[in-house]
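Q: Dumping the structure here so I can ask a few things about it.
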Amino acid sequence: MSVEQTDQNVGVGAETYGGVRTEQLWRVRLKLLWNSLRSSWAIFSENPIGMIGLVIIFIFGLMALSHPILMATVWDAATYDPIVGFDYTIDSHPSAPSAAHLLGTDPIGRDVLSQLLYSTSSEFGLGIVAALVTVTIGTSIGAVAAFYGGVIDSVLMRLADLVIMIPSLPLLIVLGAFFELNLLMLAFVIGILSGFGGVTVIIKSQALTIKVKPFIEAARVAGGSDFHIIFTHIVPNLLPLAFLYMMFTVTTAIFSEAVLSFFGLMNIRMSWGIMINLAQSEGYLLRGFEFWWLLFPASIAITLLCAAFYLVGRALDEVVNPRLRKR
Amino acid sequence: MTRFLGRRLIQMLITFLIFQALLYFLLELQPGDFADQFYGNPNITPAARQVLVEDYGLDRPPVERFFLYIFNFWRGNLGISWSEFPRPVGEIIAERLPRTVFLFLSATLVSFWLGFVSGKVLAWNRDTVGEYVATVLGVGLYTVFTPWFALMMILIFGATLGIFPLGKFLNVREWLALGRAYTANQVFGTIILTATLLVAAIIAIGIVTRKMAPVQRNKIRLPGYAAAVGLFLIYWLVIQGPIAGGQDPMLPYARQITWHLILPVLTVTLISYAGTMLLMRNSMLETLSEDYIETAKAKGLPETMIRDKHAARNALLPVVTSLVYGIAFAINGGIVTETIFSWAGLGLTILGAAQEQDIPLAMGTLLIIGGVALVAHLVADILYAYLDPRIRY
């Protein structure tokens, strides 16, 4: 209790209270968090696969940052705009890579590199929103199902079974065709689908093991409400696992967006999938090796970013699940 | 087991009904009315429109309409396709379902077996250069942008090397040049039937001889397999082939379909192979750290025996569990592959229906795909109970 009481003192950091040297609660928590992060990082950084993933994500982050900078400095807006740009100095589009257009131009005269860089940030945004939605839904539902058990548990788990079994892509195709999906809506749909499905089941099984720990009993004895116990004692302990599944959700989200855009079912103006869609609708796909810059940059970007998040997820798996580590 | 099956079947039915209800109301919610699109469709004559309006109960409230739809669905009436008017949705799906199921089944079976074997070997050889390369390749294959991958398969094997056709279920010109003795589905049905019989015979021989002593087993197994394959070849080469000199041998037709079939099946197999392989590798790594593996090594058992009999069999269980996820993954991969190859199965149908705003066809196809996934899930559960003696229903 002495730790809590020092909160009343206005001073920052270490305090002497009743002869005992104490620290403020937030400092203790921060220190614990820092320590656990550092030990997790030590395990994570031993894993070359995870580090490769992290480096790729970092490079894509730089790419996302570079687009507005390039647009403001080197590239002039009329020629290099990813959506409405057109290069009048070139006779026929698509044109092969040149000094002016490092990755060539697409069939309607826009710079491929500019499109590639421009789309990166929206892919990140999509992935992050979908992952956040997944984790929010997955942890709360998993914790609630594990905490209450009984009918609530059965209903939620049967719902999860349903969501797991339904193949997501045909459902997304139908949704994409009948509703005008934009990026945010797609992020929410994917987040909800994966949040209610497999992630919930795994997080619930983890929550079951936490529910029987002594500190939950202690919280209950201290008079904590159900809500308080679930959200301040169970959920924080689920977060490492949830973080792991965030990575896999990002992969799913980016992949789904690309496939839907490729099919022309998304209501957005530019993305990697749309770049390939344009190559297809203009009839350049089967000459893919000849016009490689229309097909390869976007495809490789999608593959690499998906792979990077997947690899980071796998490396995190070893952090969360000690049984996978090398002995 | 019977009770378990009965309970699971009822559960499946309820799940399917919930899926159906959710889907129905989701499509009712869409911008624009279910009925509006009907009235605006120029393909539908006033008389036909009147029949459809009564069929769908478009003049009635949504809830009543919903029950009408469910009732019609279970009587086998899925409505009439708008984009391929006036073909009934049921007929279109019945034509294309076998193709998708075949693609999905053959790819899943082959990739599961390959994934099992290679995952096992990879985990056993942990920390070798080969393992790293194979794992990275596996991750690449697992996360590759599927449309691009399918396209690369066409570009390499179809466009550049010219070994396989560029897509489609068959080449219409060549098909018609053969004469019109059979429809595509007759031939495809025969292919499926004979292939299923072949696989069933091989599995049956394997199961029957499983408990025998190795020496005796091989005496029965090898001739048995040879006989099964022989019968298959005799049927196609002699009875349906040019040798017997029958009226209209089916072999050239079958050749045409098989030739178009190989590349899509290969693509879906590779796509779903990586997932199984990576999972098997992980599961095997966990199993290898168990004490009983140490014990087996201490006993001086041969390495391959420890790997195949002690470790791999236990490592297989979580992989079978995840087959459920794998099913959805394979179906997704199959849909992408079908669309890239223009291979007229359910995946291409659902995309076409969605793009043409053909609600009855899209809904019917999606329901049937969901049904296929449900059945596959049930099979995976039964397989799991069979493999794991601790689970008895």
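We name chains A, B, ... following the order of the structure tokens; residues begin at 1 in each chain, and ligands are numbered from 1 as shown.
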List as a VMD selection string the protein and nucleic acid residues near Phe179 (chain A), meaning an atom at most 12 Å away when only C-alpha atoms are counted, but skip any in the same chain fewer than 6 places from it.

A: (chain A and resid 171 to 173 185 to 186 189 265 to 267) or (chain B and resid 26 to 32 354 to 355 357)

Q: How about saving the chosen residues, N, CA and C atoms kept, as a PDB file, in the first residue's frame?

A:
```pdb
ATOM      1  N   LEU A 171     -16.802 -14.291 -49.434  1.00  0.00           N
ATOM      2  CA  LEU A 171     -17.671 -13.363 -48.713  1.00  0.00           C
ATOM      3  C   LEU A 171     -17.269 -11.923 -49.012  1.00  0.00           C
ATOM      4  N   LEU A 172     -15.951 -11.665 -48.981  1.00  0.00           N
ATOM      5  CA  LEU A 172     -15.476 -10.306 -49.263  1.00  0.00           C
ATOM      6  C   LEU A 172     -15.789  -9.909 -50.697  1.00  0.00           C
ATOM      7  N   ILE A 173     -15.699 -10.887 -51.607  1.00  0.00           N
ATOM      8  CA  ILE A 173     -16.006 -10.579 -53.012  1.00  0.00           C
ATOM      9  C   ILE A 173     -17.450 -10.118 -53.128  1.00  0.00           C
ATOM     10  N   MET A 185     -13.703   0.794 -44.421  1.00  0.00           N
ATOM     11  CA  MET A 185     -14.728  -0.230 -44.257  1.00  0.00           C
ATOM     12  C   MET A 185     -14.115  -1.615 -44.375  1.00  0.00           C
ATOM     13  N   LEU A 186     -13.235  -1.775 -45.359  1.00  0.00           N
ATOM     14  CA  LEU A 186     -12.601  -3.080 -45.535  1.00  0.00           C
ATOM     15  C   LEU A 186     -11.806  -3.457 -44.287  1.00  0.00           C
ATOM     16  N   VAL A 189     -14.242  -4.647 -41.755  1.00  0.00           N
ATOM     17  CA  VAL A 189     -14.802  -5.965 -42.068  1.00  0.00           C
ATOM     18  C   VAL A 189     -13.781  -7.059 -41.761  1.00  0.00           C
ATOM     19  N   LEU A 265     -13.001  -4.591 -57.185  1.00  0.00           N
ATOM     20  CA  LEU A 265     -14.181  -4.517 -56.335  1.00  0.00           C
ATOM     21  C   LEU A 265     -14.043  -3.499 -55.212  1.00  0.00           C
ATOM     22  N   MET A 266     -12.936  -2.728 -55.226  1.00  0.00           N
ATOM     23  CA  MET A 266     -12.753  -1.766 -54.136  1.00  0.00           C
ATOM     24  C   MET A 266     -13.044  -0.365 -54.642  1.00  0.00           C
ATOM     25  N   ASN A 267     -13.597   0.436 -53.758  1.00  0.00           N
ATOM     26  CA  ASN A 267     -13.917   1.801 -54.127  1.00  0.00           C
ATOM     27  C   ASN A 267     -12.791   2.735 -53.689  1.00  0.00           C
TER      28      ASN A 267
ATOM     29  N   LEU B  26     -27.876  -9.442 -44.955  1.00  0.00           N
ATOM     30  CA  LEU B  26     -26.770  -8.577 -45.375  1.00  0.00           C
ATOM     31  C   LEU B  26     -27.009  -8.077 -46.792  1.00  0.00           C
ATOM     32  N   LEU B  27     -27.478  -8.974 -47.658  1.00  0.00           N
ATOM     33  CA  LEU B  27     -27.709  -8.563 -49.039  1.00  0.00           C
ATOM     34  C   LEU B  27     -28.985  -7.726 -49.157  1.00  0.00           C
ATOM     35  N   GLU B  28     -29.920  -7.943 -48.235  1.00  0.00           N
ATOM     36  CA  GLU B  28     -31.109  -7.088 -48.215  1.00  0.00           C
ATOM     37  C   GLU B  28     -30.739  -5.657 -47.852  1.00  0.00           C
ATOM     38  N   LEU B  29     -29.690  -5.559 -47.010  1.00  0.00           N
ATOM     39  CA  LEU B  29     -29.282  -4.250 -46.498  1.00  0.00           C
ATOM     40  C   LEU B  29     -28.602  -3.388 -47.544  1.00  0.00           C
ATOM     41  N   GLN B  30     -28.166  -4.000 -48.629  1.00  0.00           N
ATOM     42  CA  GLN B  30     -27.318  -3.274 -49.570  1.00  0.00           C
ATOM     43  C   GLN B  30     -28.040  -2.062 -50.162  1.00  0.00           C
ATOM     44  N   PRO B  31     -27.251  -1.090 -50.584  1.00  0.00           N
ATOM     45  CA  PRO B  31     -27.851   0.104 -51.183  1.00  0.00           C
ATOM     46  C   PRO B  31     -28.683  -0.290 -52.409  1.00  0.00           C
ATOM     47  N   GLY B  32     -29.834   0.308 -52.568  1.00  0.00           N
ATOM     48  CA  GLY B  32     -30.717  -0.112 -53.649  1.00  0.00           C
ATOM     49  C   GLY B  32     -31.501  -1.306 -53.163  1.00  0.00           C
ATOM     50  N   ALA B 354     -20.779 -11.541 -58.778  1.00  0.00           N
ATOM     51  CA  ALA B 354     -20.628 -10.336 -57.973  1.00  0.00           C
ATOM     52  C   ALA B 354     -20.433  -9.124 -58.868  1.00  0.00           C
ATOM     53  N   GLN B 355     -19.628  -9.288 -59.915  1.00  0.00           N
ATOM     54  CA  GLN B 355     -19.377  -8.137 -60.778  1.00  0.00           C
ATOM     55  C   GLN B 355     -20.600  -7.745 -61.586  1.00  0.00           C
ATOM     56  N   GLN B 357     -23.608  -8.066 -60.456  1.00  0.00           N
ATOM     57  CA  GLN B 357     -24.674  -7.793 -59.478  1.00  0.00           C
ATOM     58  C   GLN B 357     -25.792  -8.826 -59.580  1.00  0.00           C
TER      59      GLN B 357
END
```

Q: Excluding same-chain residues fewer than 5 positions from region 274-290 of chain B, what lies within 7 Å of it counting only C-alpha atoms, as a ChimeraX atom specification?

A: /A:323-324 /B:112,115-116,118-120,122-123,138-139,141-142,311-312,315-316,318-319

Q: Suppose we keep all heavy atoms; can you now write the selection as a CSV table (one decimal), in the first residue's frame?

A:
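Heads up, here's the output in again-v1.csv:
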```
chain,number,residue,atom,x,y,z
A,323,ARG,N,8.0,-22.8,-25.7
A,323,ARG,CA,8.2,-24.2,-26.2
A,323,ARG,C,8.9,-24.2,-27.6
A,323,ARG,O,9.5,-25.2,-28.0
A,323,ARG,CB,6.9,-25.0,-26.2
A,323,ARG,CG,6.5,-25.6,-24.9
A,323,ARG,CD,5.1,-26.0,-24.9
A,323,ARG,NE,4.7,-27.0,-25.9
A,323,ARG,CZ,4.8,-28.3,-25.8
A,323,ARG,NH1,5.3,-28.7,-24.6
A,323,ARG,NH2,4.5,-29.1,-26.7
A,324,LEU,N,8.7,-23.1,-28.3
A,324,LEU,CA,9.3,-23.1,-29.7
A,324,LEU,C,10.8,-22.8,-29.7
A,324,LEU,O,11.4,-23.0,-30.7
A,324,LEU,CB,8.5,-22.2,-30.6
A,324,LEU,CG,7.1,-22.6,-31.0
A,324,LEU,CD1,6.5,-21.4,-31.7
A,324,LEU,CD2,7.2,-23.8,-31.8
B,112,PHE,N,-1.3,-31.6,-48.5
B,112,PHE,CA,-1.2,-32.1,-47.1
B,112,PHE,C,-0.1,-33.1,-47.0
B,112,PHE,O,0.7,-33.1,-46.1
B,112,PHE,CB,-2.5,-32.6,-46.7
B,112,PHE,CG,-2.6,-32.8,-45.2
B,112,PHE,CD1,-2.8,-31.8,-44.3
B,112,PHE,CD2,-2.4,-34.1,-44.7
B,112,PHE,CE1,-2.8,-32.0,-43.0
B,112,PHE,CE2,-2.5,-34.3,-43.3
B,112,PHE,CZ,-2.7,-33.2,-42.5
B,115,GLY,N,3.3,-31.6,-47.5
B,115,GLY,CA,3.6,-30.7,-46.4
B,115,GLY,C,4.1,-31.5,-45.2
B,115,GLY,O,5.0,-31.1,-44.5
B,116,PHE,N,3.3,-32.6,-45.0
B,116,PHE,CA,3.7,-33.5,-43.8
B,116,PHE,C,5.1,-34.0,-44.0
B,116,PHE,O,5.9,-33.9,-43.1
B,116,PHE,CB,2.6,-34.6,-43.8
B,116,PHE,CG,3.0,-35.7,-42.8
B,116,PHE,CD1,3.0,-35.4,-41.4
B,116,PHE,CD2,3.3,-36.9,-43.3
B,116,PHE,CE1,3.3,-36.5,-40.6
B,116,PHE,CE2,3.7,-37.9,-42.4
B,116,PHE,CZ,3.6,-37.7,-41.0
B,118,SER,N,7.6,-33.0,-45.9
B,118,SER,CA,8.8,-32.1,-46.0
B,118,SER,C,8.9,-31.3,-44.7
B,118,SER,O,10.0,-31.1,-44.3
B,118,SER,CB,8.6,-31.1,-47.2
B,118,SER,OG,7.4,-30.5,-47.1
B,119,GLY,N,7.8,-31.0,-44.0
B,119,GLY,CA,7.9,-30.4,-42.7
B,119,GLY,C,8.6,-31.2,-41.7
B,119,GLY,O,9.5,-30.7,-40.9
B,120,LYS,N,8.4,-32.5,-41.7
B,120,LYS,CA,9.0,-33.5,-40.9
B,120,LYS,C,10.5,-33.5,-41.1
B,120,LYS,O,11.3,-33.3,-40.1
B,120,LYS,CB,8.4,-34.8,-41.2
B,120,LYS,CG,8.9,-36.0,-40.5
B,120,LYS,CD,8.1,-37.2,-41.0
B,120,LYS,CE,8.7,-37.9,-42.2
B,120,LYS,NZ,7.9,-39.0,-42.6
B,122,LEU,N,12.3,-31.2,-42.5
B,122,LEU,CA,12.9,-29.9,-42.2
B,122,LEU,C,13.2,-29.7,-40.8
B,122,LEU,O,14.3,-29.3,-40.4
B,122,LEU,CB,12.0,-28.8,-42.7
B,122,LEU,CG,12.1,-28.5,-44.2
B,122,LEU,CD1,11.1,-27.3,-44.5
B,122,LEU,CD2,13.5,-28.1,-44.6
B,123,ALA,N,12.2,-30.1,-39.9
B,123,ALA,CA,12.4,-29.9,-38.5
B,123,ALA,C,13.5,-30.8,-38.0
B,123,ALA,O,14.3,-30.4,-37.1
B,123,ALA,CB,11.1,-30.2,-37.8
B,138,GLY,N,9.4,-21.5,-48.2
B,138,GLY,CA,8.0,-21.8,-47.7
B,138,GLY,C,7.3,-20.6,-47.3
B,138,GLY,O,6.1,-20.4,-47.7
B,139,VAL,N,7.9,-19.7,-46.6
B,139,VAL,CA,7.3,-18.5,-46.2
B,139,VAL,C,6.9,-17.6,-47.4
B,139,VAL,O,5.8,-17.1,-47.5
B,139,VAL,CB,8.2,-17.6,-45.2
B,139,VAL,CG1,7.6,-16.3,-45.0
B,139,VAL,CG2,8.3,-18.4,-43.9
B,141,LEU,N,6.3,-18.7,-50.4
B,141,LEU,CA,5.1,-19.3,-51.0
B,141,LEU,C,3.9,-19.1,-50.3
B,141,LEU,O,2.8,-19.0,-50.9
B,141,LEU,CB,5.4,-20.8,-51.1
B,141,LEU,CG,4.8,-21.6,-52.3
B,141,LEU,CD1,5.2,-20.9,-53.6
B,141,LEU,CD2,5.4,-23.0,-52.3
B,142,TYR,N,4.0,-19.0,-48.9
B,142,TYR,CA,2.8,-18.9,-48.1
B,142,TYR,C,2.2,-17.5,-48.2
B,142,TYR,O,1.0,-17.3,-48.2
B,142,TYR,CB,3.2,-19.2,-46.6
B,142,TYR,CG,2.0,-19.2,-45.7
B,142,TYR,CD1,1.0,-20.2,-45.7
B,142,TYR,CD2,1.9,-18.2,-44.7
B,142,TYR,CE1,0.0,-20.2,-44.9
B,142,TYR,CE2,0.8,-18.2,-43.8
B,142,TYR,CZ,-0.1,-19.2,-43.9
B,142,TYR,OH,-1.2,-19.2,-43.1
B,311,ALA,N,8.1,-39.1,-33.4
B,311,ALA,CA,7.9,-37.7,-33.4
B,311,ALA,C,6.8,-37.3,-34.4
B,311,ALA,O,5.8,-36.7,-34.0
B,311,ALA,CB,9.2,-37.0,-33.8
B,312,ALA,N,6.9,-37.8,-35.7
B,312,ALA,CA,6.0,-37.2,-36.7
B,312,ALA,C,4.5,-37.6,-36.4
B,312,ALA,O,3.6,-36.8,-36.7
B,312,ALA,CB,6.4,-37.8,-38.1
B,315,ALA,N,3.3,-35.2,-33.9
B,315,ALA,CA,3.4,-33.8,-34.5
B,315,ALA,C,2.2,-33.6,-35.5
B,315,ALA,O,1.8,-32.4,-35.7
B,315,ALA,CB,4.7,-33.5,-35.1
B,316,LEU,N,1.7,-34.7,-36.0
B,316,LEU,CA,0.7,-34.6,-37.0
B,316,LEU,C,-0.6,-34.0,-36.5
B,316,LEU,O,-1.4,-33.3,-37.2
B,316,LEU,CB,0.4,-35.9,-37.6
B,316,LEU,CG,-0.6,-36.0,-38.7
B,316,LEU,CD1,-0.2,-35.2,-39.9
B,316,LEU,CD2,-0.8,-37.5,-39.2
B,318,PRO,N,-1.7,-31.5,-34.3
B,318,PRO,CA,-2.1,-30.1,-34.5
B,318,PRO,C,-2.2,-29.7,-35.9
B,318,PRO,O,-3.0,-28.8,-36.3
B,318,PRO,CB,-1.0,-29.3,-33.8
B,318,PRO,CG,0.0,-30.3,-33.3
B,318,PRO,CD,-0.5,-31.6,-33.5
B,319,VAL,N,-1.5,-30.4,-36.8
B,319,VAL,CA,-1.6,-30.0,-38.2
B,319,VAL,C,-3.0,-30.4,-38.7
B,319,VAL,O,-3.6,-29.7,-39.5
B,319,VAL,CB,-0.5,-30.8,-39.0
B,319,VAL,CG1,-0.5,-30.4,-40.4
B,319,VAL,CG2,0.9,-30.4,-38.4
```

Q: If we count only C-alpha atoms, which residues of chain B reach to within 8 Å of chain A? Please list them as a PyMOL selection string.

A: chain B and resi 15+19+27+30-31+139-140+143-145+147-148+151+155+159+282+285-286+324-325+328-329+331-332+335+347+350-351+354-355+357+362+366+369-370+373-374+377

Q: Residues of region 85-186 of chain B classed as helix (DSSP H, G or I) by DSSP on the backbone are to be reported as a ChimeraX atom specification.

A: /B:89-124,129-143,146-160,172-177,184-186

Q: With a distance cut-off of 10 Å and only C-alpha atoms, select the neighbouring residues of Leu78 (chain B), excluding the residue or stretch itself and same-chain residues fewer than 2 positions from it, and output the selection as a PyMOL selection string.

A: chain B and resi 69-76+80-81+88-91+93+360-361+363-365

Q: Write out as a PyMOL selection string which residues come within 8 Å of region 191-199 of chain B when counting only C-alpha atoms, dropping same-chain ones fewer than 6 positions away.

A: chain B and resi 102+228-229+232+254

Q: Would you put the residues from that selection into a file with all heavy atoms, as a PDB file, in the first residue's frame?

A:
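Saved file out17.pdb follows:
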```pdb
ATOM      1  N   PHE B 102     -13.205 -30.940 -57.134  1.00  0.00           N
ATOM      2  CA  PHE B 102     -12.066 -31.730 -57.607  1.00  0.00           C
ATOM      3  C   PHE B 102     -10.763 -30.956 -57.416  1.00  0.00           C
ATOM      4  O   PHE B 102      -9.793 -31.461 -56.853  1.00  0.00           O
ATOM      5  CB  PHE B 102     -12.252 -32.087 -59.083  1.00  0.00           C
ATOM      6  CG  PHE B 102     -11.138 -32.912 -59.642  1.00  0.00           C
ATOM      7  CD1 PHE B 102     -11.124 -34.275 -59.458  1.00  0.00           C
ATOM      8  CD2 PHE B 102     -10.095 -32.318 -60.334  1.00  0.00           C
ATOM      9  CE1 PHE B 102     -10.094 -35.043 -59.956  1.00  0.00           C
ATOM     10  CE2 PHE B 102      -9.064 -33.075 -60.832  1.00  0.00           C
ATOM     11  CZ  PHE B 102      -9.061 -34.438 -60.647  1.00  0.00           C
ATOM     12  N   ALA B 228      -4.548 -51.880 -59.176  1.00  0.00           N
ATOM     13  CA  ALA B 228      -5.441 -50.720 -59.196  1.00  0.00           C
ATOM     14  C   ALA B 228      -5.057 -49.775 -60.337  1.00  0.00           C
ATOM     15  O   ALA B 228      -5.905 -49.355 -61.136  1.00  0.00           O
ATOM     16  CB  ALA B 228      -5.383 -50.000 -57.855  1.00  0.00           C
ATOM     17  N   VAL B 229      -3.750 -49.454 -60.397  1.00  0.00           N
ATOM     18  CA  VAL B 229      -3.288 -48.555 -61.456  1.00  0.00           C
ATOM     19  C   VAL B 229      -3.525 -49.182 -62.819  1.00  0.00           C
ATOM     20  O   VAL B 229      -3.957 -48.522 -63.774  1.00  0.00           O
ATOM     21  CB  VAL B 229      -1.786 -48.220 -61.256  1.00  0.00           C
ATOM     22  CG1 VAL B 229      -1.271 -47.386 -62.405  1.00  0.00           C
ATOM     23  CG2 VAL B 229      -1.599 -47.479 -59.948  1.00  0.00           C
ATOM     24  N   PHE B 232      -7.090 -48.887 -63.883  1.00  0.00           N
ATOM     25  CA  PHE B 232      -7.335 -47.496 -64.273  1.00  0.00           C
ATOM     26  C   PHE B 232      -6.840 -47.256 -65.702  1.00  0.00           C
ATOM     27  O   PHE B 232      -7.554 -46.724 -66.552  1.00  0.00           O
ATOM     28  CB  PHE B 232      -6.609 -46.582 -63.279  1.00  0.00           C
ATOM     29  CG  PHE B 232      -6.780 -45.121 -63.534  1.00  0.00           C
ATOM     30  CD1 PHE B 232      -7.950 -44.474 -63.170  1.00  0.00           C
ATOM     31  CD2 PHE B 232      -5.759 -44.371 -64.117  1.00  0.00           C
ATOM     32  CE1 PHE B 232      -8.115 -43.117 -63.394  1.00  0.00           C
ATOM     33  CE2 PHE B 232      -5.914 -43.016 -64.336  1.00  0.00           C
ATOM     34  CZ  PHE B 232      -7.098 -42.395 -63.976  1.00  0.00           C
ATOM     35  N   ALA B 254     -10.948 -36.578 -72.651  1.00  0.00           N
ATOM     36  CA  ALA B 254     -10.362 -36.573 -71.310  1.00  0.00           C
ATOM     37  C   ALA B 254      -8.983 -35.931 -71.332  1.00  0.00           C
ATOM     38  O   ALA B 254      -8.625 -35.181 -70.426  1.00  0.00           O
ATOM     39  CB  ALA B 254     -10.273 -37.995 -70.778  1.00  0.00           C
TER      40      ALA B 254
END
```

Q: Can you tell me which residues surround Arg220 (chain A) at a distance of at most 12 Å, considering only C-alpha atoms, apart from same-chain residues fewer than 5 positions away, and format the answer as number ranges by chain?

A: A: 211-215, 225-230, 233

Q: What would the file look like if the residues just selected were written as a CSV table (one decimal), in the first residue's frame with C-alpha atoms?

A:
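Once everything was written out, this is selection.csv:
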```csv
chain,number,residue,atom,x,y,z
A,211,LYS,CA,-8.7,-16.6,-15.0
A,212,VAL,CA,-7.5,-19.2,-12.4
A,213,LYS,CA,-4.4,-17.3,-11.3
A,214,PRO,CA,-4.3,-16.1,-7.6
A,215,PHE,CA,-4.2,-12.4,-8.5
A,225,SER,CA,-16.2,-5.6,-10.3
A,226,ASP,CA,-16.4,-8.1,-13.2
A,227,PHE,CA,-15.7,-5.3,-15.6
A,228,HIS,CA,-12.7,-4.1,-13.6
A,229,ILE,CA,-11.3,-7.6,-13.4
A,230,ILE,CA,-11.7,-8.3,-17.1
A,233,HIS,CA,-6.4,-7.7,-14.9
```

Q: Just how far from CA of Phe196 (chain A) is CA of Ala146 (chain A), in Å to one decimal?

A: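 Atom-to-atom, CA of Ala146 (chain A) to CA of Phe196 (chain A), that is 14.3 Å.
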
Q: Env of Thr304 (chain B): 12 Å cut, atoms = only C-alpha atoms, seq-sep filter 5 positions within chain, self excluded. Answer as a ChimeraX atom specification.

A: /B:120-121,124-125,296-297,309-312

Q: Here is a test: counting only C-alpha atoms, which residue of B:Ala385, B:Gln186, B:Lys219, B:Asn171 is nearest to Leu5 (chain B)?

A: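 For Leu5 (chain B), the nearest of the candidates is B:Ala385.
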
Q: Which value, in Å to one decimal, gives the distance between CA of Asp127 (chain B) and CA of Asn314 (chain B)?

A: 21.7 Å

Q: When you look at Ser119 (chain A) with a cut-off of 9 Å (counting only C-alpha atoms), what residues show up, excluding the ones that are within fewer than 6 positions of it in the same chain? I need them as number ranges by chain.

A: A: 64, 82, 270-272
